[in-house]
$ cat upload-v6.pdb   # PDB, N, CA and C atoms and all ligand atoms
ATOM      1  N   MET I 614      70.291  85.687 110.354
ATOM      2  CA  MET I 614      69.780  84.331 110.170
ATOM      3  C   MET I 614      69.517  84.106 108.678
ATOM      4  N   PRO I 615      69.900  82.932 108.127
ATOM      5  CA  PRO I 615      69.701  82.708 106.691
ATOM      6  C   PRO I 615      68.231  82.694 106.330
ATOM      7  N   THR I 616      67.942  83.219 105.131
ATOM      8  CA  THR I 616      66.585  83.165 104.610
ATOM      9  C   THR I 616      66.284  81.740 104.175
ATOM     10  N   SER I 617      65.069  81.290 104.385
ATOM     11  CA  SER I 617      64.699  79.943 103.982
ATOM     12  C   SER I 617      64.407  79.925 102.484
ATOM     13  N   ILE I 618      65.281  79.280 101.707
ATOM     14  CA  ILE I 618      65.086  79.192 100.260
ATOM     15  C   ILE I 618      65.459  77.800  99.795
ATOM     16  N   THR I 619      64.866  77.405  98.675
ATOM     17  CA  THR I 619      65.237  76.144  98.050
ATOM     18  C   THR I 619      65.837  76.471  96.697
ATOM     19  N   MET I 620      67.040  75.989  96.453
ATOM     20  CA  MET I 620      67.723  76.267  95.200
ATOM     21  C   MET I 620      68.440  75.011  94.737
ATOM     22  N   GLN I 621      68.653  74.924  93.427
ATOM     23  CA  GLN I 621      69.497  73.887  92.860
ATOM     24  C   GLN I 621      70.917  74.453  92.759
ATOM     25  N   MET I 622      71.908  73.614  92.957
ATOM     26  CA  MET I 622      73.267  74.085  92.744
ATOM     27  C   MET I 622      73.487  74.303  91.247
ATOM     28  N   ALA I 623      74.147  75.406  90.910
ATOM     29  CA  ALA I 623      74.420  75.724  89.504
ATOM     30  C   ALA I 623      75.517  74.795  88.969
ATOM     31  N   PRO I 624      75.242  74.030  87.906
ATOM     32  CA  PRO I 624      76.273  73.150  87.363
ATOM     33  C   PRO I 624      77.403  73.941  86.704
ATOM     34  N   ILE I 625      78.586  73.373  86.735
ATOM     35  CA  ILE I 625      79.721  73.983  86.033
ATOM     36  C   ILE I 625      79.709  73.421  84.613
ATOM     37  N   LYS I 626      79.293  74.251  83.668
ATOM     38  CA  LYS I 626      79.140  73.786  82.287
ATOM     39  C   LYS I 626      80.492  73.511  81.648
ATOM     40  N   SER I 627      81.491  74.315  81.995
ATOM     41  CA  SER I 627      82.820  74.110  81.433
ATOM     42  C   SER I 627      83.844  74.795  82.310
ATOM     43  N   CYS I 628      85.058  74.263  82.251
ATOM     44  CA  CYS I 628      86.207  74.926  82.886
ATOM     45  C   CYS I 628      87.440  74.529  82.104
ATOM     46  N   ASN I 629      88.193  75.519  81.649
ATOM     47  CA  ASN I 629      89.389  75.204  80.863
ATOM     48  C   ASN I 629      90.689  75.345  81.654
ATOM     49  N   ALA I 630      90.578  75.346  82.976
ATOM     50  CA  ALA I 630      91.786  75.405  83.822
ATOM     51  C   ALA I 630      92.396  73.999  83.892
ATOM     52  N   THR I 631      93.107  73.627  82.851
ATOM     53  CA  THR I 631      93.596  72.249  82.721
ATOM     54  C   THR I 631      94.610  71.879  83.798
ATOM     55  N   ASP I 632      95.269  72.875  84.388
ATOM     56  CA  ASP I 632      96.271  72.562  85.416
ATOM     57  C   ASP I 632      95.659  72.407  86.807
ATOM     58  N   CYS I 633      94.348  72.530  86.910
ATOM     59  CA  CYS I 633      93.702  72.326  88.217
ATOM     60  C   CYS I 633      93.529  70.831  88.469
ATOM     61  N   SER I 634      93.708  70.433  89.703
ATOM     62  CA  SER I 634      93.604  69.012  90.073
ATOM     63  C   SER I 634      92.211  68.442  89.842
ATOM     64  N   TYR I 635      91.209  69.293  89.775
ATOM     65  CA  TYR I 635      89.838  68.812  89.602
ATOM     66  C   TYR I 635      89.384  68.816  88.141
ATOM     67  N   ASN I 636      90.271  69.254  87.242
ATOM     68  CA  ASN I 636      89.886  69.340  85.830
ATOM     69  C   ASN I 636      90.123  68.006  85.126
ATOM     70  N   LYS I 637      89.138  67.589  84.370
ATOM     71  CA  LYS I 637      89.276  66.378  83.564
ATOM     72  C   LYS I 637      88.926  66.705  82.127
ATOM     73  N   SER I 638      89.574  66.052  81.221
ATOM     74  CA  SER I 638      89.306  66.180  79.778
ATOM     75  C   SER I 638      89.523  67.594  79.264
ATOM     76  N   GLY I 639      90.177  68.425  80.035
ATOM     77  CA  GLY I 639      90.483  69.775  79.571
ATOM     78  C   GLY I 639      89.338  70.756  79.636
ATOM     79  N   ASN I 640      88.145  70.261  79.936
ATOM     80  CA  ASN I 640      87.001  71.175  79.902
ATOM     81  C   ASN I 640      85.939  70.850  80.954
ATOM     82  N   GLU I 641      86.257  69.937  81.870
ATOM     83  CA  GLU I 641      85.245  69.534  82.841
ATOM     84  C   GLU I 641      85.783  69.669  84.266
ATOM     85  N   CYS I 642      84.949  70.218  85.140
ATOM     86  CA  CYS I 642      85.280  70.251  86.567
ATOM     87  C   CYS I 642      84.646  69.051  87.241
ATOM     88  N   HIS I 643      85.442  68.319  88.004
ATOM     89  CA  HIS I 643      84.916  67.156  88.719
ATOM     90  C   HIS I 643      85.028  67.304  90.235
ATOM     91  N   ALA I 644      85.173  68.547  90.713
ATOM     92  CA  ALA I 644      85.005  68.769  92.148
ATOM     93  C   ALA I 644      83.512  68.599  92.454
ATOM     94  N   MET I 645      83.177  68.067  93.603
ATOM     95  CA  MET I 645      81.763  67.892  93.924
ATOM     96  C   MET I 645      81.050  69.236  93.970
ATOM     97  N   ALA I 646      81.715  70.199  94.596
ATOM     98  CA  ALA I 646      81.166  71.548  94.663
ATOM     99  C   ALA I 646      82.321  72.521  94.825
ATOM    100  N   ILE I 647      82.238  73.634  94.138
ATOM    101  CA  ILE I 647      83.269  74.658  94.276
ATOM    102  C   ILE I 647      82.721  75.833  95.073
ATOM    103  N   THR I 648      83.640  76.598  95.626
ATOM    104  CA  THR I 648      83.295  77.883  96.227
ATOM    105  C   THR I 648      83.880  78.978  95.349
ATOM    106  N   VAL I 649      83.062  79.937  95.018
ATOM    107  CA  VAL I 649      83.524  81.092  94.262
ATOM    108  C   VAL I 649      83.663  82.239  95.251
ATOM    109  N   GLY I 650      84.853  82.833  95.249
ATOM    110  CA  GLY I 650      85.171  83.775  96.320
ATOM    111  C   GLY I 650      85.029  85.224  95.935
ATOM    112  N   GLY I 651      84.808  86.066  96.900
ATOM    113  CA  GLY I 651      84.739  87.488  96.666
ATOM    114  C   GLY I 651      86.017  88.176  97.119
ATOM    115  N   PRO I 652      86.208  89.444  96.737
ATOM    116  CA  PRO I 652      85.263  90.237  95.938
ATOM    117  C   PRO I 652      85.311  89.902  94.441
ATOM    118  N   SER I 653      86.418  89.328  93.946
ATOM    119  CA  SER I 653      86.439  88.954  92.529
ATOM    120  C   SER I 653      85.929  87.526  92.388
ATOM    121  N   PRO I 654      85.365  87.171  91.225
ATOM    122  CA  PRO I 654      84.729  85.858  91.088
ATOM    123  C   PRO I 654      85.713  84.724  90.788
ATOM    124  N   ASP I 655      86.702  84.559  91.667
ATOM    125  CA  ASP I 655      87.668  83.469  91.534
ATOM    126  C   ASP I 655      87.067  82.138  91.970
ATOM    127  N   CYS I 656      87.496  81.077  91.311
ATOM    128  CA  CYS I 656      87.192  79.748  91.840
ATOM    129  C   CYS I 656      88.155  79.474  92.985
ATOM    130  N   ASP I 657      87.662  79.514  94.205
ATOM    131  CA  ASP I 657      88.516  79.301  95.384
ATOM    132  C   ASP I 657      88.950  77.847  95.516
ATOM    133  N   THR I 658      88.311  76.959  94.789
ATOM    134  CA  THR I 658      88.629  75.532  94.885
ATOM    135  C   THR I 658      89.778  75.154  93.956
ATOM    136  N   PHE I 659      90.138  76.036  93.046
ATOM    137  CA  PHE I 659      91.269  75.808  92.135
ATOM    138  C   PHE I 659      92.493  75.354  92.928
ATOM    139  N   MET I 660      93.115  74.285  92.470
ATOM    140  CA  MET I 660      94.294  73.761  93.160
ATOM    141  C   MET I 660      95.211  73.088  92.152
ATOM    142  N   ARG I 661      96.466  73.473  92.191
ATOM    143  CA  ARG I 661      97.466  72.793  91.360
ATOM    144  C   ARG I 661      98.150  71.726  92.194
ATOM    145  N   GLY I 662      98.386  70.593  91.603
ATOM    146  CA  GLY I 662      99.096  69.555  92.339
ATOM    147  C   GLY I 662      99.382  68.387  91.437
ATOM    148  N   PRO I 663     100.208  67.461  91.906
ATOM    149  CA  PRO I 663     100.581  66.325  91.063
ATOM    150  C   PRO I 663      99.446  65.329  90.865
ATOM    151  N   ASN I 664      98.491  65.324  91.761
ATOM    152  CA  ASN I 664      97.418  64.333  91.685
ATOM    153  C   ASN I 664      96.127  64.943  91.176
ATOM    154  N   LYS I 665      95.381  64.129  90.447
ATOM    155  CA  LYS I 665      94.044  64.532  90.042
ATOM    156  C   LYS I 665      93.051  64.019  91.076
ATOM    157  N   GLY I 666      92.004  64.810  91.337
ATOM    158  CA  GLY I 666      91.003  64.394  92.314
ATOM    159  C   GLY I 666      89.609  64.646  91.791
ATOM    160  N   GLY I 667      88.647  64.516  92.685
ATOM    161  CA  GLY I 667      87.273  64.793  92.314
ATOM    162  C   GLY I 667      86.424  63.545  92.278
ATOM    163  N   VAL I 668      85.238  63.715  91.725
ATOM    164  CA  VAL I 668      84.234  62.649  91.686
ATOM    165  C   VAL I 668      83.855  62.364  90.234
ATOM    166  N   GLU I 669      82.999  61.369  90.038
ATOM    167  CA  GLU I 669      82.634  60.983  88.668
ATOM    168  C   GLU I 669      81.791  62.049  87.969
ATOM    169  N   GLN I 670      80.826  62.605  88.690
ATOM    170  CA  GLN I 670      79.953  63.581  88.030
ATOM    171  C   GLN I 670      80.641  64.943  87.926
ATOM    172  N   THR I 671      80.153  65.760  87.016
ATOM    173  CA  THR I 671      80.700  67.112  86.913
ATOM    174  C   THR I 671      80.217  67.951  88.089
ATOM    175  N   GLY I 672      80.995  68.990  88.391
ATOM    176  CA  GLY I 672      80.783  69.754  89.609
ATOM    177  C   GLY I 672      79.713  70.826  89.491
ATOM    178  N   ALA I 673      79.496  71.478  90.613
ATOM    179  CA  ALA I 673      78.505  72.547  90.703
ATOM    180  C   ALA I 673      79.024  73.602  91.671
ATOM    181  N   VAL I 674      78.350  74.739  91.670
ATOM    182  CA  VAL I 674      78.732  75.815  92.592
ATOM    183  C   VAL I 674      78.072  75.560  93.939
ATOM    184  N   GLY I 675      78.881  75.312  94.940
ATOM    185  CA  GLY I 675      78.349  75.057  96.275
ATOM    186  C   GLY I 675      78.050  76.333  97.029
ATOM    187  N   ALA I 676      78.857  77.364  96.786
ATOM    188  CA  ALA I 676      78.663  78.646  97.463
ATOM    189  C   ALA I 676      79.365  79.726  96.663
ATOM    190  N   CYS I 677      78.831  80.907  96.722
ATOM    191  CA  CYS I 677      79.465  82.032  96.019
ATOM    192  C   CYS I 677      79.407  83.270  96.889
ATOM    193  N   LYS I 678      80.572  83.865  97.107
ATOM    194  CA  LYS I 678      80.673  85.037  97.982
ATOM    195  C   LYS I 678      80.636  86.360  97.223
ATOM    196  N   VAL I 679      80.379  86.278  95.899
ATOM    197  CA  VAL I 679      80.409  87.486  95.065
ATOM    198  C   VAL I 679      79.015  88.105  95.037
ATOM    199  N   ASP I 680      78.713  88.899  96.055
ATOM    200  CA  ASP I 680      77.330  89.361  96.163
ATOM    201  C   ASP I 680      76.994  90.505  95.220
ATOM    202  N   ASN I 681      77.977  91.012  94.465
ATOM    203  CA  ASN I 681      77.645  92.042  93.462
ATOM    204  C   ASN I 681      77.381  91.442  92.085
ATOM    205  N   CYS I 682      77.253  90.122  92.001
ATOM    206  CA  CYS I 682      76.872  89.471  90.742
ATOM    207  C   CYS I 682      75.343  89.392  90.683
ATOM    208  N   LYS I 683      74.794  89.620  89.490
ATOM    209  CA  LYS I 683      73.335  89.623  89.386
ATOM    210  C   LYS I 683      72.729  88.237  89.617
ATOM    211  N   TYR I 684      73.535  87.191  89.531
ATOM    212  CA  TYR I 684      73.034  85.839  89.773
ATOM    213  C   TYR I 684      73.152  85.437  91.240
ATOM    214  N   ASN I 685      73.768  86.288  92.040
ATOM    215  CA  ASN I 685      73.970  85.930  93.442
ATOM    216  C   ASN I 685      72.702  86.207  94.252
ATOM    217  N   ARG I 686      72.307  85.176  94.972
ATOM    218  CA  ARG I 686      71.097  85.283  95.789
ATOM    219  C   ARG I 686      71.426  84.699  97.153
ATOM    220  N   ASN I 687      71.454  85.547  98.141
ATOM    221  CA  ASN I 687      71.767  85.102  99.507
ATOM    222  C   ASN I 687      73.096  84.359  99.562
ATOM    223  N   LEU I 688      74.074  84.861  98.815
ATOM    224  CA  LEU I 688      75.430  84.290  98.780
ATOM    225  C   LEU I 688      75.468  82.881  98.191
ATOM    226  N   GLU I 689      74.504  82.600  97.326
ATOM    227  CA  GLU I 689      74.486  81.367  96.534
ATOM    228  C   GLU I 689      74.291  81.759  95.070
ATOM    229  N   CYS I 690      74.611  80.824  94.171
ATOM    230  CA  CYS I 690      74.512  81.118  92.743
ATOM    231  C   CYS I 690      73.175  80.620  92.198
ATOM    232  N   SER I 691      72.420  81.509  91.564
ATOM    233  CA  SER I 691      71.121  81.127  91.002
ATOM    234  C   SER I 691      71.176  80.991  89.485
ATOM    235  N   ALA I 692      72.369  81.049  88.881
ATOM    236  CA  ALA I 692      72.476  80.900  87.422
ATOM    237  C   ALA I 692      72.120  79.467  87.029
ATOM    238  N   GLY I 693      71.693  79.302  85.794
ATOM    239  CA  GLY I 693      71.374  77.961  85.304
ATOM    240  C   GLY I 693      72.614  77.113  85.094
ATOM    241  N   GLY I 694      73.758  77.716  85.099
ATOM    242  CA  GLY I 694      75.035  77.026  84.930
ATOM    243  C   GLY I 694      76.110  78.082  84.796
ATOM    244  N   VAL I 695      77.342  77.696  85.048
ATOM    245  CA  VAL I 695      78.441  78.668  84.951
ATOM    246  C   VAL I 695      79.570  78.091  84.104
ATOM    247  N   ASP I 696      80.299  78.997  83.479
ATOM    248  CA  ASP I 696      81.536  78.656  82.781
ATOM    249  C   ASP I 696      82.696  79.257  83.564
ATOM    250  N   VAL I 697      83.751  78.493  83.721
ATOM    251  CA  VAL I 697      84.936  78.956  84.444
ATOM    252  C   VAL I 697      86.105  78.973  83.461
ATOM    253  N   VAL I 698      86.891  80.023  83.523
ATOM    254  CA  VAL I 698      88.021  80.146  82.598
ATOM    255  C   VAL I 698      89.321  80.362  83.376
ATOM    256  N   ALA I 699      90.382  79.776  82.833
ATOM    257  CA  ALA I 699      91.711  79.950  83.431
ATOM    258  C   ALA I 699      92.172  81.380  83.204
ATOM    259  N   SER I 700      92.873  81.923  84.197
ATOM    260  CA  SER I 700      93.403  83.281  84.084
ATOM    261  C   SER I 700      94.686  83.351  84.891
ATOM    262  N   ARG I 701      95.824  83.198  84.206
ATOM    263  CA  ARG I 701      97.135  83.150  84.862
ATOM    264  C   ARG I 701      97.143  82.094  85.968
ATOM    265  N   ASN I 702      97.326  82.511  87.224
ATOM    266  CA  ASN I 702      97.464  81.531  88.298
ATOM    267  C   ASN I 702      96.169  81.246  89.031
ATOM    268  N   HIS I 703      95.061  81.543  88.405
ATOM    269  CA  HIS I 703      93.786  81.264  89.059
ATOM    270  C   HIS I 703      92.726  80.993  88.000
ATOM    271  N   ALA I 704      91.493  80.869  88.410
ATOM    272  CA  ALA I 704      90.405  80.619  87.463
ATOM    273  C   ALA I 704      89.234  81.496  87.869
ATOM    274  N   LEU I 705      88.511  81.976  86.876
ATOM    275  CA  LEU I 705      87.450  82.945  87.131
ATOM    276  C   LEU I 705      86.103  82.446  86.635
ATOM    277  N   CYS I 706      85.045  82.789  87.363
ATOM    278  CA  CYS I 706      83.698  82.512  86.883
ATOM    279  C   CYS I 706      83.381  83.501  85.760
ATOM    280  N   HIS I 707      83.248  82.972  84.557
ATOM    281  CA  HIS I 707      83.028  83.799  83.375
ATOM    282  C   HIS I 707      81.553  84.185  83.239
ATOM    283  N   THR I 708      80.710  83.567  84.020
ATOM    284  CA  THR I 708      79.272  83.875  83.980
ATOM    285  C   THR I 708      78.956  85.093  84.845
ATOM    286  N   PHE I 709      79.915  85.518  85.648
ATOM    287  CA  PHE I 709      79.726  86.714  86.480
ATOM    288  C   PHE I 709      79.179  87.867  85.644
ATOM    289  N   SER I 710      78.213  88.541  86.179
ATOM    290  CA  SER I 710      77.672  89.744  85.543
ATOM    291  C   SER I 710      77.339  90.716  86.654
ATOM    292  N   ALA I 711      77.909  91.908  86.589
ATOM    293  CA  ALA I 711      77.721  92.873  87.679
ATOM    294  C   ALA I 711      76.273  93.298  87.803
ATOM    295  N   LYS I 712      75.822  93.484  89.022
ATOM    296  CA  LYS I 712      74.454  93.968  89.270
ATOM    297  C   LYS I 712      74.294  95.386  88.779
TER
HETATM  298  S1  LIG I 801      89.433  75.711  88.519
HETATM  299 FE1  LIG I 801      87.587  75.435  89.780
HETATM  300  S2  LIG I 801      85.963  75.026  88.285
HETATM  301 FE2  LIG I 801      87.921  74.648  87.230
HETATM  302  S3  LIG I 801      88.338  72.453  87.493
HETATM  303 FE3  LIG I 801      89.365  73.547  89.168
HETATM  304  S4  LIG I 801      87.905  73.475  90.882
HETATM  305 FE4  LIG I 801      86.768  73.040  88.994
HETATM  306  S1  LIG I 802      77.496  83.511  88.113
HETATM  307 FE1  LIG I 802      77.762  85.039  89.728
HETATM  308  S2  LIG I 802      76.720  84.160  91.529
HETATM  309 FE2  LIG I 802      77.129  82.462  90.076
HETATM  310  S3  LIG I 802      79.132  81.613  90.719
HETATM  311 FE3  LIG I 802      79.523  83.154  89.098
HETATM  312  S4  LIG I 802      79.954  85.058  90.250
HETATM  313 FE4  LIG I 802      78.922  83.649  91.653
END
$ encode --input "upload-v6.pdb" --output "structure tokens"
Amino acid sequence: MPTSITMQMAPIKSCNATDCSYNKSGNECHAMAITVGGPSPDCDTFMRGPNKGGVEQTGAVGACKVDNCKYNRNLECSAGGVDVVASRNHALCHTFSAK
């Protein structure tokens, strides 16, 4: 059963994955919320396509499955913000820090 906690979603401070459909201005994520997947800290929401999508505000981490990150708390991100960087055919949470 999930632990009862109150947390703010960690904002995405920057993302340079310009080929992602949710990237705007080359450095901003406009997905409403991303999922960061385990075991490696990939942005699972990364998507290449002909159309751009997303919302007006910049995105945040909705869920994170990387439980060996020191910022991971009950499979959510407790960092004050994250930076995401492009890496070949995917994008990685650069704020990841091993426990
Ligand atoms: S790779 Fe992830 S963090 Fe970057 S713009 Fe796409 S959805 Fe947002
Ligand atoms: S900082 Fe850690 S807990 Fe937060 S999204 Fe990145 S990998 Fe997940």
$ residues_near_ligand --input "upload-v6.pdb" --ligand "ligand LIG 802 (chain I)" --cutoff "8 Å" --atoms "only N, CA and C atoms and all ligand atoms" --output "count of residues only"
36
$ residues_near_ligand --input "upload-v6.pdb" --ligand "ligand LIG 801 (chain I)" --cutoff "6 Å" --atoms "only C-alpha atoms and all ligand atoms" --output "number ranges by chain"
I: 628, 630, 633, 635-636, 642, 644, 647, 656, 658-659, 697, 704
$ axis_aligned_box --input "upload-v6.pdb" --around "range 659-669 of chain I" --padding-each-side "3 Å" --output "AutoDock Vina command-line options"
--center_x 91.2 --center_y 68.5 --center_z 90.6 --size_x 24.8 --size_y 21.1 --size_z 11.2
$ select_by_dssp --input "upload-v6.pdb" --residues "chain I" --states "strand (DSSP E or B)" --output "PyMOL selection string"
chain I and resi 623-628+636-637+641-642+646-650+655-656+673-677+682+685-686+689-690+695-700+703-706+711
$ atom_distance --input "upload-v6.pdb" --atom1 "CA of Ser700 in chain I" --atom2 "atom N of Asp632 in chain I"
10.6 Å
$ atom_distance --input "upload-v6.pdb" --atom1 "CA of Asp657 in chain I" --atom2 "CA of Met620 in chain I"
21.0 Å
$ decode --input "upload-v6.pdb" --residues "range 619-630 of chain I" --atoms "all heavy atoms" --output "PDB file, in the first residue's frame"
ATOM      1  N   THR I 619       2.971  13.948   0.950  1.00  0.00           N
ATOM      2  CA  THR I 619       2.636  15.086   0.107  1.00  0.00           C
ATOM      3  C   THR I 619       3.931  15.594  -0.498  1.00  0.00           C
ATOM      4  O   THR I 619       4.881  15.877   0.216  1.00  0.00           O
ATOM      5  CB  THR I 619       1.981  16.202   0.933  1.00  0.00           C
ATOM      6  OG1 THR I 619       0.811  15.660   1.541  1.00  0.00           O
ATOM      7  CG2 THR I 619       1.596  17.377   0.052  1.00  0.00           C
ATOM      8  N   MET I 620       3.969  15.691  -1.812  1.00  0.00           N
ATOM      9  CA  MET I 620       5.170  16.136  -2.500  1.00  0.00           C
ATOM     10  C   MET I 620       4.775  17.051  -3.646  1.00  0.00           C
ATOM     11  O   MET I 620       3.673  16.960  -4.180  1.00  0.00           O
ATOM     12  CB  MET I 620       5.945  14.945  -3.096  1.00  0.00           C
ATOM     13  CG  MET I 620       6.583  14.032  -2.073  1.00  0.00           C
ATOM     14  SD  MET I 620       7.273  12.534  -2.827  1.00  0.00           S
ATOM     15  CE  MET I 620       8.676  13.204  -3.722  1.00  0.00           C
ATOM     16  N   GLN I 621       5.701  17.928  -4.024  1.00  0.00           N
ATOM     17  CA  GLN I 621       5.548  18.727  -5.227  1.00  0.00           C
ATOM     18  C   GLN I 621       6.217  17.964  -6.376  1.00  0.00           C
ATOM     19  O   GLN I 621       7.239  17.331  -6.169  1.00  0.00           O
ATOM     20  CB  GLN I 621       6.262  20.073  -5.058  1.00  0.00           C
ATOM     21  CG  GLN I 621       5.726  20.922  -3.924  1.00  0.00           C
ATOM     22  CD  GLN I 621       4.380  21.527  -4.238  1.00  0.00           C
ATOM     23  OE1 GLN I 621       4.107  21.868  -5.380  1.00  0.00           O
ATOM     24  NE2 GLN I 621       3.543  21.639  -3.238  1.00  0.00           N
ATOM     25  N   MET I 622       5.661  18.068  -7.561  1.00  0.00           N
ATOM     26  CA  MET I 622       6.339  17.464  -8.697  1.00  0.00           C
ATOM     27  C   MET I 622       7.606  18.262  -9.001  1.00  0.00           C
ATOM     28  O   MET I 622       7.603  19.494  -8.992  1.00  0.00           O
ATOM     29  CB  MET I 622       5.434  17.438  -9.926  1.00  0.00           C
ATOM     30  CG  MET I 622       4.317  16.426  -9.817  1.00  0.00           C
ATOM     31  SD  MET I 622       3.651  15.942 -11.435  1.00  0.00           S
ATOM     32  CE  MET I 622       2.938  17.462 -11.999  1.00  0.00           C
ATOM     33  N   ALA I 623       8.691  17.548  -9.285  1.00  0.00           N
ATOM     34  CA  ALA I 623       9.967  18.202  -9.593  1.00  0.00           C
ATOM     35  C   ALA I 623       9.901  18.827 -10.993  1.00  0.00           C
ATOM     36  O   ALA I 623       9.658  18.118 -11.971  1.00  0.00           O
ATOM     37  CB  ALA I 623      11.094  17.181  -9.528  1.00  0.00           C
ATOM     38  N   PRO I 624      10.120  20.142 -11.114  1.00  0.00           N
ATOM     39  CA  PRO I 624      10.083  20.760 -12.436  1.00  0.00           C
ATOM     40  C   PRO I 624      11.263  20.321 -13.301  1.00  0.00           C
ATOM     41  O   PRO I 624      12.342  20.030 -12.779  1.00  0.00           O
ATOM     42  CB  PRO I 624      10.152  22.258 -12.134  1.00  0.00           C
ATOM     43  CG  PRO I 624      10.707  22.376 -10.765  1.00  0.00           C
ATOM     44  CD  PRO I 624      10.371  21.113 -10.036  1.00  0.00           C
ATOM     45  N   ILE I 625      11.041  20.295 -14.595  1.00  0.00           N
ATOM     46  CA  ILE I 625      12.132  20.003 -15.530  1.00  0.00           C
ATOM     47  C   ILE I 625      12.786  21.340 -15.870  1.00  0.00           C
ATOM     48  O   ILE I 625      12.212  22.167 -16.592  1.00  0.00           O
ATOM     49  CB  ILE I 625      11.607  19.276 -16.783  1.00  0.00           C
ATOM     50  CG1 ILE I 625      10.923  17.977 -16.377  1.00  0.00           C
ATOM     51  CG2 ILE I 625      12.760  18.997 -17.759  1.00  0.00           C
ATOM     52  CD1 ILE I 625      10.039  17.374 -17.448  1.00  0.00           C
ATOM     53  N   LYS I 626      13.966  21.564 -15.311  1.00  0.00           N
ATOM     54  CA  LYS I 626      14.635  22.856 -15.481  1.00  0.00           C
ATOM     55  C   LYS I 626      15.121  23.037 -16.910  1.00  0.00           C
ATOM     56  O   LYS I 626      15.111  24.147 -17.440  1.00  0.00           O
ATOM     57  CB  LYS I 626      15.816  22.967 -14.506  1.00  0.00           C
ATOM     58  CG  LYS I 626      15.384  22.995 -13.038  1.00  0.00           C
ATOM     59  CD  LYS I 626      16.558  23.254 -12.123  1.00  0.00           C
ATOM     60  CE  LYS I 626      17.555  22.109 -12.153  1.00  0.00           C
ATOM     61  NZ  LYS I 626      18.702  22.306 -11.268  1.00  0.00           N
ATOM     62  N   SER I 627      15.559  21.949 -17.534  1.00  0.00           N
ATOM     63  CA  SER I 627      16.033  22.038 -18.909  1.00  0.00           C
ATOM     64  C   SER I 627      16.011  20.662 -19.536  1.00  0.00           C
ATOM     65  O   SER I 627      16.097  19.638 -18.846  1.00  0.00           O
ATOM     66  CB  SER I 627      17.462  22.604 -18.961  1.00  0.00           C
ATOM     67  OG  SER I 627      18.366  21.673 -18.411  1.00  0.00           O
ATOM     68  N   CYS I 628      15.882  20.664 -20.857  1.00  0.00           N
ATOM     69  CA  CYS I 628      16.039  19.426 -21.634  1.00  0.00           C
ATOM     70  C   CYS I 628      16.530  19.823 -23.010  1.00  0.00           C
ATOM     71  O   CYS I 628      15.899  20.635 -23.685  1.00  0.00           O
ATOM     72  CB  CYS I 628      14.736  18.655 -21.735  1.00  0.00           C
ATOM     73  SG  CYS I 628      14.936  17.210 -22.839  1.00  0.00           S
ATOM     74  N   ASN I 629      17.638  19.233 -23.433  1.00  0.00           N
ATOM     75  CA  ASN I 629      18.181  19.590 -24.746  1.00  0.00           C
ATOM     76  C   ASN I 629      17.899  18.544 -25.824  1.00  0.00           C
ATOM     77  O   ASN I 629      18.561  18.533 -26.859  1.00  0.00           O
ATOM     78  CB  ASN I 629      19.689  19.882 -24.657  1.00  0.00           C
ATOM     79  CG  ASN I 629      20.504  18.640 -24.326  1.00  0.00           C
ATOM     80  OD1 ASN I 629      19.951  17.553 -24.151  1.00  0.00           O
ATOM     81  ND2 ASN I 629      21.814  18.790 -24.249  1.00  0.00           N
ATOM     82  N   ALA I 630      16.921  17.683 -25.568  1.00  0.00           N
ATOM     83  CA  ALA I 630      16.530  16.683 -26.582  1.00  0.00           C
ATOM     84  C   ALA I 630      15.630  17.372 -27.617  1.00  0.00           C
ATOM     85  O   ALA I 630      14.401  17.250 -27.593  1.00  0.00           O
ATOM     86  CB  ALA I 630      15.819  15.509 -25.916  1.00  0.00           C
TER      87      ALA I 630
END
